[in-house]
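Asks: Attaching a single structure in structure tokens format; questions to follow.
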Amino acid sequence: MQFLPKAENSRFLALLLAVIAAALVYLFGVHWWFTERHLEIASEMSDLRDQYARFKAKADQKPLIDRQLADVRAFEAGNPAFLPEGDFDAAAAGLTQRLKQIGSSHAPDPQRCQIIRNQYSRSTEPDPFERVVIKVRLRCDLEPFAGILYDLESASPVLFIEELAIFRQQGYLVPGQNKLSNYLDIRFDLFGFIRKPGPAKAAEGRKP
């Protein structure tokens, strides 16, 4: 009775065991350490290629975006809604001069309409752009004031009138005449905007 395998069977069995051992070594020693790592790297590279493609698509749009920004800046530069001056004091002086010119065009005779007071005032309203305000007091007849009001509200750049108050007064002595003349005591805020951030926007821009 023979318990030992034949020599040729022993060689075949040894070869089979060697193949199994090599497969196990590859599976646990090479595949998980080398192949899986390379698959992870390949996945990361794929993600990076996708990110690059997205960034490149956005970069390719930069010339178009630059042109659109230039168009917006050109529009703002020619926008008649803003006062032409670049700072508050210059804009307030220009606003006062405009008021005087409009007043003179409707009332060449200063006795019919004159500016009693105009005072600059910095606004604290949360406007997106800086508001330039002058507080105005007029002594004026109704007819010229109606024309002044119309010209101010239809002006370019755009002007606004708030806090309008009109009081009828009596007792103004007309020079050269022995009679009293009635007139209107008119007070209002006249304002426009310059291309600078308003107080709220400026404070927001200074936040860390």
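Residue numbering restarts at 1 in every chain; chains get A, B, ... in the order shown in the structure tokens, and ligands count up from 1 in that same order.
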Which neighbours of A:Phe82 fall inside 8 Å, counting only C-alpha atoms, when residues of the same chain fewer than 5 positions from it are skipped, and could you give them as a PyMOL selection string?
Replies: chain A and resi 157-158+192-195
Asks: Of the candidates A:Arg67, A:Arg131, A:Ile20, A:Asp60, which shows the shortest atom-to-atom distance to A:Ala91, using only C-alpha atoms?
Replies: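 Using only C-alpha atoms, A:Ala91 sits closest to A:Arg131.
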Asks: My list of candidates is A:Leu152, A:Leu138, A:Ala21, A:Leu83. Which is closest to A:Arg117 when distances are computed with only C-alpha atoms?
Replies: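 Ranking A:Leu152, A:Leu138, A:Ala21, A:Leu83 by distance to A:Arg117, first place goes to A:Leu138.
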Asks: Enumerate, as a list in words, the complete set of residues in stretch 118-159 of chain A that a backbone-based DSSP assignment places in strand (DSSP E or B).
Replies: Asn118, Gln119, Tyr120, Ser121, Arg122, Phe129, Glu130, Arg131, Val132, Val133, Ile134, Lys135, Val136, Arg137, Leu138, Arg139 and Cys140 of chain A
Asks: Generate a file of the selected residues that holds C-alpha atoms, formatted as a PDB file, in the first residue's frame.
Replies:
ATOM      1  CA  ASN A 118     -28.607 127.920   1.505  1.00  0.00           C
ATOM      2  CA  GLN A 119     -26.642 125.640   3.790  1.00  0.00           C
ATOM      3  CA  TYR A 120     -24.717 122.460   2.999  1.00  0.00           C
ATOM      4  CA  SER A 121     -25.754 119.359   4.920  1.00  0.00           C
ATOM      5  CA  ARG A 122     -24.185 115.909   4.990  1.00  0.00           C
ATOM      6  CA  PHE A 129     -24.260 106.582  -2.953  1.00  0.00           C
ATOM      7  CA  GLU A 130     -23.313 109.758  -1.106  1.00  0.00           C
ATOM      8  CA  ARG A 131     -26.145 112.262  -0.920  1.00  0.00           C
ATOM      9  CA  VAL A 132     -25.304 115.972  -1.319  1.00  0.00           C
ATOM     10  CA  VAL A 133     -27.905 118.173   0.383  1.00  0.00           C
ATOM     11  CA  ILE A 134     -28.371 121.932   0.546  1.00  0.00           C
ATOM     12  CA  LYS A 135     -31.045 123.397   2.811  1.00  0.00           C
ATOM     13  CA  VAL A 136     -32.679 126.244   0.930  1.00  0.00           C
ATOM     14  CA  ARG A 137     -34.848 129.164   2.016  1.00  0.00           C
ATOM     15  CA  LEU A 138     -36.425 131.385  -0.620  1.00  0.00           C
ATOM     16  CA  ARG A 139     -38.513 134.538  -0.513  1.00  0.00           C
ATOM     17  CA  CYS A 140     -40.421 134.210  -3.729  1.00  0.00           C
TER      18      CYS A 140
END
Asks: Name the residues of stretch 53-201 of chain A that fall into alpha helix (DSSP H) according to DSSP on the backbone, using the chain letters and numbers of this document, as a ChimeraX atom specification.
Replies: /A:53-60,62-77,88-106,142-153,199-201
